[in-house]
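Below is the file structure_30.csv, which contains CSV, C-alpha atoms.
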```csv
chain,number,residue,atom,x,y,z
A,1,ILE,CA,-27.4,-70.3,-30.9
A,2,ILE,CA,-25.0,-71.3,-28.1
A,3,PHE,CA,-27.2,-69.7,-25.4
A,4,SER,CA,-30.3,-71.5,-26.8
A,5,PHE,CA,-28.4,-74.8,-26.7
A,6,LEU,CA,-27.4,-74.1,-23.1
A,7,GLN,CA,-30.9,-73.3,-22.1
A,8,PHE,CA,-32.2,-76.5,-23.8
A,9,ILE,CA,-29.6,-78.6,-21.9
A,10,ASN,CA,-30.7,-76.8,-18.7
A,11,PHE,CA,-34.3,-77.7,-19.4
A,12,LEU,CA,-33.3,-81.4,-19.8
A,13,ILE,CA,-31.4,-81.3,-16.5
A,14,ASN,CA,-34.3,-79.7,-14.6
A,15,PHE,CA,-36.7,-82.2,-16.1
A,16,TYR,CA,-34.5,-85.1,-15.0
A,17,ASN,CA,-34.1,-83.7,-11.5
A,18,TYR,CA,-37.9,-83.2,-11.3
A,19,LYS,CA,-38.4,-86.8,-12.4
A,20,ILE,CA,-35.9,-88.0,-9.8
A,21,ASP,CA,-37.6,-85.9,-7.0
A,22,TYR,CA,-41.0,-87.1,-8.0
A,23,GLU,CA,-39.9,-90.8,-7.9
A,24,SER,CA,-38.2,-90.3,-4.5
A,25,LEU,CA,-41.5,-88.8,-3.1
A,26,SER,CA,-43.5,-91.7,-4.4
A,27,GLU,CA,-41.2,-94.2,-2.6
A,28,LYS,CA,-41.5,-92.6,0.8
A,29,LYS,CA,-44.2,-95.1,1.7
A,30,LEU,CA,-41.5,-97.8,1.6
A,31,SER,CA,-39.6,-96.0,4.5
A,32,ASN,CA,-39.6,-97.6,7.9
A,33,GLU,CA,-39.3,-94.1,9.5
A,34,LYS,CA,-42.2,-93.7,11.8
A,35,ASN,CA,-41.4,-90.4,13.6
A,36,ILE,CA,-41.0,-87.9,10.8
A,37,LEU,CA,-40.3,-84.4,12.1
A,38,ASN,CA,-43.2,-82.2,11.0
A,39,PRO,CA,-42.2,-78.5,11.0
A,40,SER,CA,-45.9,-77.4,11.0
A,41,LEU,CA,-45.9,-78.5,14.7
A,42,ILE,CA,-43.1,-76.1,15.6
A,43,LYS,CA,-43.9,-72.8,17.3
A,44,LYS,CA,-41.8,-69.8,18.0
A,45,SER,CA,-40.0,-70.0,21.4
A,46,GLU,CA,-41.0,-67.5,24.0
A,47,THR,CA,-37.5,-67.3,25.4
A,48,ASP,CA,-35.8,-66.3,22.0
A,49,GLU,CA,-32.9,-68.6,22.6
A,50,THR,CA,-30.1,-69.0,20.0
A,51,ILE,CA,-29.0,-72.4,18.9
A,52,PHE,CA,-25.3,-73.0,18.1
A,53,PHE,CA,-24.2,-76.0,16.0
A,54,ILE,CA,-20.4,-76.2,16.2
A,55,VAL,CA,-19.3,-78.9,13.8
A,56,LEU,CA,-15.7,-80.1,14.2
A,57,ASP,CA,-15.0,-82.0,11.1
A,58,GLY,CA,-13.7,-85.5,11.8
A,59,MET,CA,-13.9,-85.1,15.6
A,60,MET,CA,-13.7,-88.6,17.0
A,61,SER,CA,-15.2,-89.6,20.4
A,62,LEU,CA,-13.2,-89.2,23.6
A,63,ASP,CA,-13.2,-93.0,23.9
A,64,THR,CA,-11.6,-93.5,20.5
A,65,ALA,CA,-9.2,-90.6,21.1
A,66,LYS,CA,-8.0,-92.2,24.4
A,67,LYS,CA,-7.5,-95.6,22.7
A,68,LEU,CA,-5.4,-93.9,19.9
A,69,ASP,CA,-3.3,-91.9,22.4
A,70,ILE,CA,-4.8,-88.7,21.1
A,71,ILE,CA,-5.7,-87.6,24.6
A,72,ASP,CA,-4.2,-88.8,27.9
A,73,ASN,CA,-7.0,-88.8,30.4
A,74,ILE,CA,-10.6,-89.2,29.3
A,75,GLU,CA,-12.1,-88.6,32.8
A,76,LEU,CA,-10.1,-85.4,33.1
A,77,GLU,CA,-11.4,-84.1,29.8
A,78,LYS,CA,-15.0,-84.9,30.7
A,79,LYS,CA,-14.5,-83.1,34.0
A,80,LEU,CA,-13.1,-80.0,32.3
A,81,LEU,CA,-16.0,-80.0,29.9
A,82,LYS,CA,-18.4,-80.2,32.8
A,83,ASN,CA,-16.7,-77.4,34.6
A,84,ASN,CA,-17.6,-75.2,31.6
A,85,ASN,CA,-21.2,-76.4,31.7
A,86,LEU,CA,-20.7,-78.8,28.8
A,87,ASN,CA,-22.3,-82.2,29.1
A,88,TYR,CA,-20.3,-84.9,27.3
A,89,VAL,CA,-22.4,-87.8,25.9
A,90,GLU,CA,-20.8,-91.2,25.7
A,91,ASN,CA,-21.5,-93.7,23.0
A,92,PHE,CA,-23.0,-91.0,20.8
A,93,THR,CA,-23.0,-91.8,17.0
A,94,THR,CA,-23.5,-90.1,13.7
A,95,ASN,CA,-26.2,-91.6,11.6
A,96,TYR,CA,-24.0,-91.5,8.5
A,97,ASP,CA,-20.3,-91.7,8.0
A,98,VAL,CA,-20.0,-88.8,5.5
A,99,THR,CA,-20.5,-85.1,5.9
A,100,TYR,CA,-23.1,-84.4,3.2
A,101,LEU,CA,-25.6,-86.8,4.8
A,102,SER,CA,-24.7,-86.3,8.4
A,103,LEU,CA,-25.2,-82.5,8.3
A,104,THR,CA,-28.4,-82.9,6.4
A,105,SER,CA,-29.8,-85.0,9.2
A,106,LEU,CA,-28.5,-82.5,11.8
A,107,LEU,CA,-30.2,-79.5,10.2
A,108,GLN,CA,-33.4,-81.1,8.9
A,109,GLY,CA,-34.0,-83.4,11.9
A,110,ASN,CA,-34.8,-86.3,9.6
A,111,LEU,CA,-32.9,-89.1,8.0
A,112,PRO,CA,-32.5,-88.1,4.4
A,113,VAL,CA,-32.0,-91.6,3.1
A,114,ASN,CA,-32.4,-95.1,4.5
A,115,GLU,CA,-32.1,-98.7,3.3
A,116,PHE,CA,-35.4,-98.5,1.4
A,117,SER,CA,-34.5,-95.3,-0.5
A,118,LYS,CA,-34.1,-95.2,-4.2
A,119,LYS,CA,-30.4,-94.9,-5.3
A,120,TYR,CA,-29.4,-91.3,-5.6
A,121,ASN,CA,-27.2,-90.1,-8.5
A,122,ASN,CA,-26.0,-86.8,-7.0
A,123,ARG,CA,-25.9,-84.8,-3.8
A,124,ASN,CA,-28.5,-82.1,-4.9
A,125,LYS,CA,-30.9,-82.9,-2.0
A,126,PHE,CA,-28.1,-83.0,0.7
A,127,PHE,CA,-25.8,-80.6,2.5
A,128,PRO,CA,-24.7,-78.1,1.4
A,129,THR,CA,-26.7,-77.9,-1.8
A,130,PHE,CA,-30.1,-78.0,-0.1
A,131,LEU,CA,-29.1,-74.8,1.8
A,132,LEU,CA,-27.8,-73.0,-1.3
A,133,ASN,CA,-31.0,-73.6,-3.4
A,134,GLN,CA,-33.4,-71.1,-1.8
A,135,TYR,CA,-36.1,-71.8,-4.5
A,136,LYS,CA,-36.5,-75.4,-3.4
A,137,ASP,CA,-38.2,-75.8,0.0
A,138,ASN,CA,-36.9,-78.3,2.6
A,139,ASN,CA,-37.4,-79.3,6.2
A,140,PHE,CA,-34.7,-76.9,7.5
A,141,PHE,CA,-36.2,-73.9,5.7
A,142,LYS,CA,-39.6,-74.8,7.2
A,143,ILE,CA,-38.1,-75.1,10.6
A,144,LEU,CA,-36.6,-71.6,10.2
A,145,ARG,CA,-40.0,-70.2,9.2
A,146,SER,CA,-42.0,-71.9,11.9
A,147,SER,CA,-39.6,-71.0,14.7
A,148,GLU,CA,-39.1,-67.5,13.2
A,149,LYS,CA,-35.3,-67.9,13.6
A,150,LYS,CA,-32.6,-66.3,11.6
A,151,PHE,CA,-29.8,-68.5,10.2
A,152,PHE,CA,-26.0,-67.6,10.3
A,153,TRP,CA,-23.4,-69.8,8.7
A,154,VAL,CA,-19.6,-70.0,8.7
A,155,GLY,CA,-18.1,-72.5,6.3
A,156,ASN,CA,-14.6,-73.5,5.2
A,157,SER,CA,-12.5,-74.3,2.1
A,158,TRP,CA,-14.8,-77.3,1.3
A,159,GLN,CA,-17.9,-75.2,1.2
A,160,GLY,CA,-18.1,-71.5,2.2
A,161,CYS,CA,-21.2,-69.6,3.1
A,162,ILE,CA,-23.3,-68.1,0.2
A,163,GLU,CA,-26.0,-65.7,1.2
A,164,ASN,CA,-29.7,-66.1,0.1
A,165,ILE,CA,-33.1,-65.3,1.6
A,166,HIS,CA,-32.5,-67.9,4.3
A,167,ILE,CA,-28.7,-67.6,4.9
A,168,ASN,CA,-26.7,-64.8,6.6
A,169,CYS,CA,-22.9,-65.1,6.3
A,170,LEU,CA,-20.8,-63.9,9.2
A,171,ARG,CA,-17.9,-63.2,6.8
A,172,SER,CA,-18.8,-61.4,3.6
A,173,ASN,CA,-17.9,-58.4,1.5
A,174,LYS,CA,-19.3,-56.5,-1.4
A,175,SER,CA,-17.8,-58.8,-4.0
A,176,SER,CA,-18.8,-62.0,-2.3
A,177,ARG,CA,-22.4,-60.8,-1.9
A,178,TYR,CA,-22.5,-59.9,-5.6
A,179,ILE,CA,-21.2,-63.4,-6.6
A,180,SER,CA,-23.8,-64.9,-4.2
A,181,LYS,CA,-26.6,-63.1,-6.0
A,182,MET,CA,-25.3,-64.2,-9.4
A,183,LYS,CA,-25.1,-67.8,-8.3
A,184,LEU,CA,-28.6,-67.7,-6.8
A,185,PHE,CA,-30.0,-66.2,-10.0
A,186,TYR,CA,-28.4,-68.9,-12.2
A,187,PHE,CA,-28.7,-71.7,-9.6
A,188,ASP,CA,-30.8,-74.0,-11.8
A,189,SER,CA,-29.0,-73.0,-15.0
A,190,VAL,CA,-26.1,-74.7,-16.7
A,191,LEU,CA,-24.3,-71.3,-16.3
A,192,ILE,CA,-23.9,-72.1,-12.6
A,193,TYR,CA,-21.1,-74.5,-13.6
A,194,PHE,CA,-19.1,-71.5,-14.9
A,195,LEU,CA,-19.9,-69.4,-11.9
A,196,ASN,CA,-18.7,-72.1,-9.6
A,197,LEU,CA,-15.3,-71.7,-11.1
A,198,LEU,CA,-15.1,-68.2,-9.4
A,199,PRO,CA,-13.0,-68.5,-6.2
A,200,GLY,CA,-15.0,-68.1,-3.0
A,201,ILE,CA,-13.8,-66.9,0.4
A,202,ASP,CA,-11.8,-69.6,2.3
A,203,GLU,CA,-13.4,-69.4,5.7
A,204,SER,CA,-11.4,-72.3,7.3
A,205,LYS,CA,-9.2,-70.1,9.6
A,206,PHE,CA,-12.1,-67.7,10.2
A,207,ALA,CA,-14.2,-70.6,11.5
A,208,ILE,CA,-11.4,-71.6,13.9
A,209,ASN,CA,-11.0,-68.1,15.1
A,210,PHE,CA,-14.7,-67.9,15.7
A,211,LEU,CA,-14.1,-70.3,18.6
A,212,LEU,CA,-10.8,-69.0,19.7
A,213,LYS,CA,-11.6,-65.3,19.9
A,214,ASN,CA,-15.3,-65.3,20.6
A,215,ASN,CA,-15.7,-61.5,20.0
A,216,TYR,CA,-18.9,-61.6,18.1
A,217,GLN,CA,-22.3,-60.1,19.0
A,218,TYR,CA,-24.8,-62.9,18.6
A,219,GLU,CA,-28.4,-62.3,17.6
A,220,LYS,CA,-31.2,-63.7,19.7
A,221,ASN,CA,-33.6,-66.2,18.3
A,222,SER,CA,-31.1,-67.5,15.7
A,223,ILE,CA,-29.4,-70.6,14.6
A,224,TYR,CA,-25.6,-70.6,14.0
A,225,LEU,CA,-23.8,-73.3,12.0
A,226,ILE,CA,-20.0,-73.1,12.4
A,227,HIS,CA,-18.4,-75.8,10.3
A,228,VAL,CA,-14.7,-76.0,11.4
A,229,LEU,CA,-12.6,-78.1,9.0
A,230,ASN,CA,-10.5,-79.5,11.8
A,231,PRO,CA,-9.2,-81.8,13.3
A,232,HIS,CA,-9.7,-83.1,9.7
A,233,PRO,CA,-6.8,-82.1,7.4
A,234,PRO,CA,-5.6,-79.6,6.3
A,235,PHE,CA,-3.9,-78.9,9.7
A,236,TYR,CA,-3.2,-75.4,11.1
A,237,PHE,CA,-2.4,-76.0,14.8
A,238,SER,CA,1.1,-76.4,16.2
A,239,GLU,CA,1.6,-78.3,19.5
A,240,ASP,CA,1.3,-75.1,21.6
A,241,CYS,CA,-2.1,-74.3,19.8
A,242,SER,CA,-0.7,-71.4,17.9
A,243,LEU,CA,-2.3,-71.0,14.5
A,244,ASP,CA,0.1,-71.4,11.6
A,245,LYS,CA,-0.4,-71.4,7.8
A,246,LYS,CA,-1.5,-74.6,6.4
A,247,ILE,CA,1.0,-77.2,7.7
A,248,SER,CA,2.9,-79.1,5.0
A,249,TYR,CA,3.7,-82.7,5.5
A,250,ASN,CA,4.1,-85.9,3.4
A,251,GLU,CA,0.6,-87.3,3.1
A,252,ASP,CA,2.1,-90.8,3.0
A,253,ASP,CA,3.6,-90.2,6.4
A,254,TYR,CA,0.7,-91.5,8.5
A,255,LEU,CA,2.5,-90.9,11.8
A,256,ALA,CA,2.8,-87.2,10.9
A,257,GLU,CA,-1.0,-87.2,10.1
A,258,LYS,CA,-1.7,-88.7,13.5
A,259,LYS,CA,0.6,-86.2,15.2
A,260,TYR,CA,-1.0,-83.1,13.6
A,261,TYR,CA,-4.5,-84.5,14.2
A,262,LYS,CA,-3.6,-84.9,17.9
A,263,PHE,CA,-2.5,-81.2,18.0
A,264,ALA,CA,-5.7,-80.0,16.4
A,265,TYR,CA,-7.9,-82.3,18.5
A,266,ASN,CA,-6.5,-81.1,21.8
A,267,CYS,CA,-6.4,-77.5,20.8
A,268,LEU,CA,-10.1,-77.6,19.7
A,269,LEU,CA,-11.0,-79.2,23.0
A,270,ARG,CA,-9.4,-76.3,24.8
A,271,GLY,CA,-11.0,-73.8,22.5
A,272,ILE,CA,-14.6,-75.0,22.9
A,273,LYS,CA,-14.4,-75.0,26.7
A,274,ASN,CA,-13.3,-71.3,26.7
A,275,TRP,CA,-15.8,-70.4,24.1
A,276,ALA,CA,-18.8,-72.1,25.7
A,277,ARG,CA,-18.2,-70.5,29.0
A,278,LYS,CA,-18.9,-67.1,27.5
A,279,ILE,CA,-22.2,-68.0,25.9
A,280,ASP,CA,-25.4,-66.9,27.8
A,281,ASP,CA,-27.0,-69.8,29.7
A,282,ASN,CA,-30.4,-69.2,28.0
A,283,ASN,CA,-28.9,-70.5,24.7
A,284,LEU,CA,-28.3,-74.0,23.4
A,285,ILE,CA,-24.8,-75.2,22.3
A,286,PHE,CA,-24.2,-78.5,20.4
A,287,ILE,CA,-20.6,-79.4,19.7
A,288,LEU,CA,-20.1,-82.5,17.5
A,289,GLY,CA,-18.1,-84.2,14.8
A,290,ASP,CA,-19.9,-84.7,11.5
A,291,HIS,CA,-18.2,-88.1,11.4
A,292,GLY,CA,-15.4,-89.8,13.3
A,293,TRP,CA,-11.9,-90.5,12.0
A,294,ALA,CA,-9.9,-93.5,11.0
A,295,PHE,CA,-6.1,-93.5,10.4
A,296,GLU,CA,-4.2,-95.7,8.0
A,297,LYS,CA,-5.3,-99.4,8.4
A,298,ASP,CA,-2.0,-100.5,10.1
A,299,ILE,CA,-2.4,-97.8,12.7
A,300,MET,CA,-6.0,-98.8,13.4
A,301,LYS,CA,-5.0,-102.5,13.6
A,302,LYS,CA,-2.2,-101.7,16.0
A,303,TYR,CA,-4.8,-100.2,18.4
A,304,ASN,CA,-7.3,-102.9,17.7
A,305,LEU,CA,-9.9,-100.5,16.3
A,306,ASP,CA,-12.4,-101.0,13.5
A,307,PRO,CA,-11.9,-98.2,10.9
A,308,ILE,CA,-15.5,-98.4,9.7
A,309,GLU,CA,-17.0,-98.2,13.2
A,310,SER,CA,-14.6,-95.4,14.2
A,311,ARG,CA,-16.2,-93.2,11.5
A,312,PHE,CA,-19.5,-93.5,13.4
A,313,LYS,CA,-18.2,-92.8,16.9
A,314,ILE,CA,-18.1,-89.0,17.2
A,315,PHE,CA,-17.5,-86.4,19.8
A,316,PHE,CA,-20.7,-84.8,21.2
A,317,SER,CA,-21.1,-82.3,24.0
A,318,TYR,CA,-23.9,-79.9,24.7
A,319,LYS,CA,-25.0,-77.1,27.0
A,320,ALA,CA,-28.7,-76.4,27.6
A,321,PRO,CA,-30.8,-74.2,30.0
A,322,ASN,CA,-32.1,-75.8,33.2
A,323,ARG,CA,-35.6,-75.9,31.7
A,324,CYS,CA,-34.4,-78.6,29.4
A,325,ASN,CA,-33.2,-81.0,32.2
A,326,ASP,CA,-36.1,-83.3,31.9
A,327,ILE,CA,-35.8,-83.8,28.1
A,328,LYS,CA,-34.2,-87.0,27.0
A,329,THR,CA,-30.6,-86.5,25.8
A,330,PRO,CA,-30.1,-87.4,22.1
A,331,GLN,CA,-27.9,-90.3,21.2
A,332,SER,CA,-27.4,-89.7,17.5
A,333,THR,CA,-27.1,-86.7,15.2
A,334,VAL,CA,-30.6,-86.8,13.7
A,335,ASN,CA,-32.2,-86.2,17.1
A,336,ILE,CA,-30.1,-83.1,18.0
A,337,MET,CA,-32.5,-80.7,16.2
A,338,ARG,CA,-35.4,-82.5,17.8
A,339,TYR,CA,-33.9,-82.0,21.2
A,340,ALA,CA,-33.3,-78.3,20.5
A,341,LEU,CA,-36.8,-77.8,19.3
A,342,ASN,CA,-38.2,-79.5,22.4
A,343,CYS,CA,-36.1,-77.3,24.6
A,344,SER,CA,-37.6,-74.4,22.8
A,345,GLY,CA,-41.1,-75.3,23.9
A,346,ASN,CA,-42.1,-77.9,21.2
A,347,ASN,CA,-42.3,-80.8,23.7
A,348,LYS,CA,-44.3,-83.1,21.4
A,349,ILE,CA,-41.5,-83.9,19.0
A,350,LYS,CA,-40.6,-87.6,19.2
A,351,TYR,CA,-37.1,-88.9,18.5
A,352,SER,CA,-36.1,-90.9,15.4
A,353,LYS,CA,-34.5,-94.3,15.7
A,354,ASP,CA,-30.7,-94.0,16.2
A,355,SER,CA,-29.9,-95.8,13.0
A,356,LYS,CA,-26.4,-96.0,11.5
A,357,TYR,CA,-25.9,-96.2,7.7
A,358,LYS,CA,-22.8,-97.1,5.8
A,359,THR,CA,-22.2,-95.1,2.7
A,360,PHE,CA,-20.0,-95.5,-0.4
A,361,TYR,CA,-17.7,-93.3,-2.4
A,362,GLU,CA,-18.5,-92.3,-6.0
A,363,ASP,CA,-16.1,-94.9,-7.5
A,364,ASP,CA,-18.0,-97.7,-5.7
A,365,GLU,CA,-20.8,-99.6,-7.5
A,366,ASN,CA,-22.9,-99.1,-4.4
A,367,TYR,CA,-22.6,-95.3,-4.4
A,368,GLY,CA,-26.1,-93.8,-3.9
A,369,LYS,CA,-27.3,-96.6,-1.6
A,370,VAL,CA,-26.9,-96.8,2.2
A,371,PHE,CA,-26.6,-100.0,4.2
A,372,LEU,CA,-28.1,-100.3,7.7
A,373,LYS,CA,-25.5,-101.2,10.3
A,374,ASN,CA,-27.7,-101.7,13.4
```
Now that the file is in, can you turn its structure into structure tokens?
Amino acid sequence: IIFSFLQFINFLINFYNYKIDYESLSEKKLSNEKNILNPSLIKKSETDETIFFIVLDGMMSLDTAKKLDIIDNIELEKKLLKNNNLNYVENFTTNYDVTYLSLTSLLQGNLPVNEFSKKYNNRNKFFPTFLLNQYKDNNFFKILRSSEKKFFWVGNSWQGCIENIHINCLRSNKSSRYISKMKLFYFDSVLIYFLNLLPGIDESKFAINFLLKNNYQYEKNSIYLIHVLNPHPPFYFSEDCSLDKKISYNEDDYLAEKKYYKFAYNCLLRGIKNWARKIDDNNLIFILGDHGWAFEKDIMKKYNLDPIESRFKIFFSYKAPNRCNDIKTPQSTVNIMRYALNCSGNNKIKYSKDSKYKTFYEDDENYGKVFLKN
């Protein structure tokens, strides 16, 4: 009886989600997006390059970091990046000020919602859920199929990697693979809520060490997503860049937060330079924040910075083969995938508009809507 009841509830949930998806499809004609990325136009690259997306959570732009005294010399940092074949892009912005929408636009190469979109009630169509549901097709899965690339993922304590037919986890074991299979089998069932209570692997320090040690054999013609949960808290770096256990501090001590953010920011800057230097020049590297960062309002006021705007101004640096020199540099997150695909021989993909959308937290009456800022 209990199982039948659960299955009936599951049917209602699936029917509701289907209705929501159908309605969202019918409203696409309201969108002002002219240059939708069409995966059917993508072809396999003849050079078999690998694409690296290194996402540093909450990594603010160098300009914002200089204003907040996080770094000392912005020109020196840009020069050091250039010495390691990393091009730093000034005035680069994320299209959304939250991770779940920002990383969706990064991987799918399209804006998942805009000011015309119907109000969403959950995050099922966004990162990371759209990756985990292998049964529901999306733009990123289509990109993988068209380009014939494999996908490898390293997550963190917020969301770790779960293997499916599209996803390979760099860190996995027998038990984690078994749990992944169970979650995939019951993904659209109410039983998934019980399975989600099972502890996953915390990949936070593994993701950091991916950059610091760089002792992995990378596969050709692949896409790697490495989501480092730093310089966003929790903090692990000491001032000398040694990795500690999770650093404990009073979260009401905003100066301590700024201090440990500064440690993490500068240590990651050092780490990405060393890591990028060892990657073959045929490959593409994109290092970016998913969103910027704003400290407590009095600190931001002291430095005359707008906390809302600071969430959009992110760090972005990239390395690309010489054959890509004539391709226009992207200026916002949604166009990074388009740039990468154009570098891979798909030179007919146009860029989306560099729009910026303000989002709202779940406890706000505007949650589920986005407001255009530019």
Per-residue nearest contacts stretch 254-309 of chain A to stretch 343-355 of chain A, cut-off 12 Å, using all atoms listed in the file, as a tab-separated table:
```
residue	atom	partner	partner_atom	distance
A:Asn282	CA	A:Ser344	CA	10.3
A:Asn283	CA	A:Ser344	CA	9.7
A:Leu284	CA	A:Cys343	CA	8.6
A:Ile285	CA	A:Cys343	CA	11.7
```
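Restricting the calculation to all atoms listed in the file, the smallest distance between A:Leu81 and any of A:Leu229, A:Ile308, A:Leu269, A:Val370 is found for A:Leu269.
Residue neighbourhood of A:Lys142, excluding near-sequence residues (fewer than 6 positions): Leu37, Asn38, Pro39, Ser40, Leu41, Ile42, Lys43, Leu107, Gln108, Gly109, Leu131, Gln134, Lys136, Glu148, Lys149, Lys150 and His166 of chain A, at 12 Å, using only C-alpha atoms.
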Practice prompt. Give as a PyMOL selection string the set of residues within 12 Å of the point (2.3, -85.9, 12.0), where distances use the file's coordinates and all atoms listed in the file.
Written response: chain A and resi 70+233-239+247-264+295
Response to the item:
Here atom CA of A:Thr333 and atom CA of A:Trp293 stand apart by 16.0 Å
Response to the item:
atom CA of A:Leu268 to atom CA of A:Val98 measures 20.6 Å
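If all atoms listed in the file are the atoms counted, then among A:Ile208, A:Ile36, A:Ile287, A:Leu68 the closest residue to A:Asp306 is A:Leu68.
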Fill in: Close residues, stretch 316-328 of chain A itself excluded, 10 Å, only C-alpha atoms, min 5 positions apart in chain, as JSON, numbers by chain
{"A": [49, 51, 52, 53, 54, 55, 56, 59, 60, 61, 62, 78, 81, 82, 84, 85, 86, 87, 88, 89, 90, 91, 92, 93, 94, 272, 276, 277, 279, 280, 281, 282, 283, 284, 285, 286, 287, 288, 289, 290, 333, 336, 339, 340, 342, 343, 344, 345, 347, 351]}
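Among A:Arg171, A:Leu106, A:Gly271, A:Lys313, the residue with the shortest atom-to-atom distance to A:Asn139, counting only C-alpha atoms, is A:Leu106.
One distance worth recording is that between atom CA of A:Tyr96 and atom CA of A:Phe141, which is 21.6 Å.
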Worksheet item: Looking at A:Glu203, A:Glu309, A:Cys161, A:Leu170, which one is nearest to A:Tyr216, with distances taken over only C-alpha atoms?
Response: A:Leu170
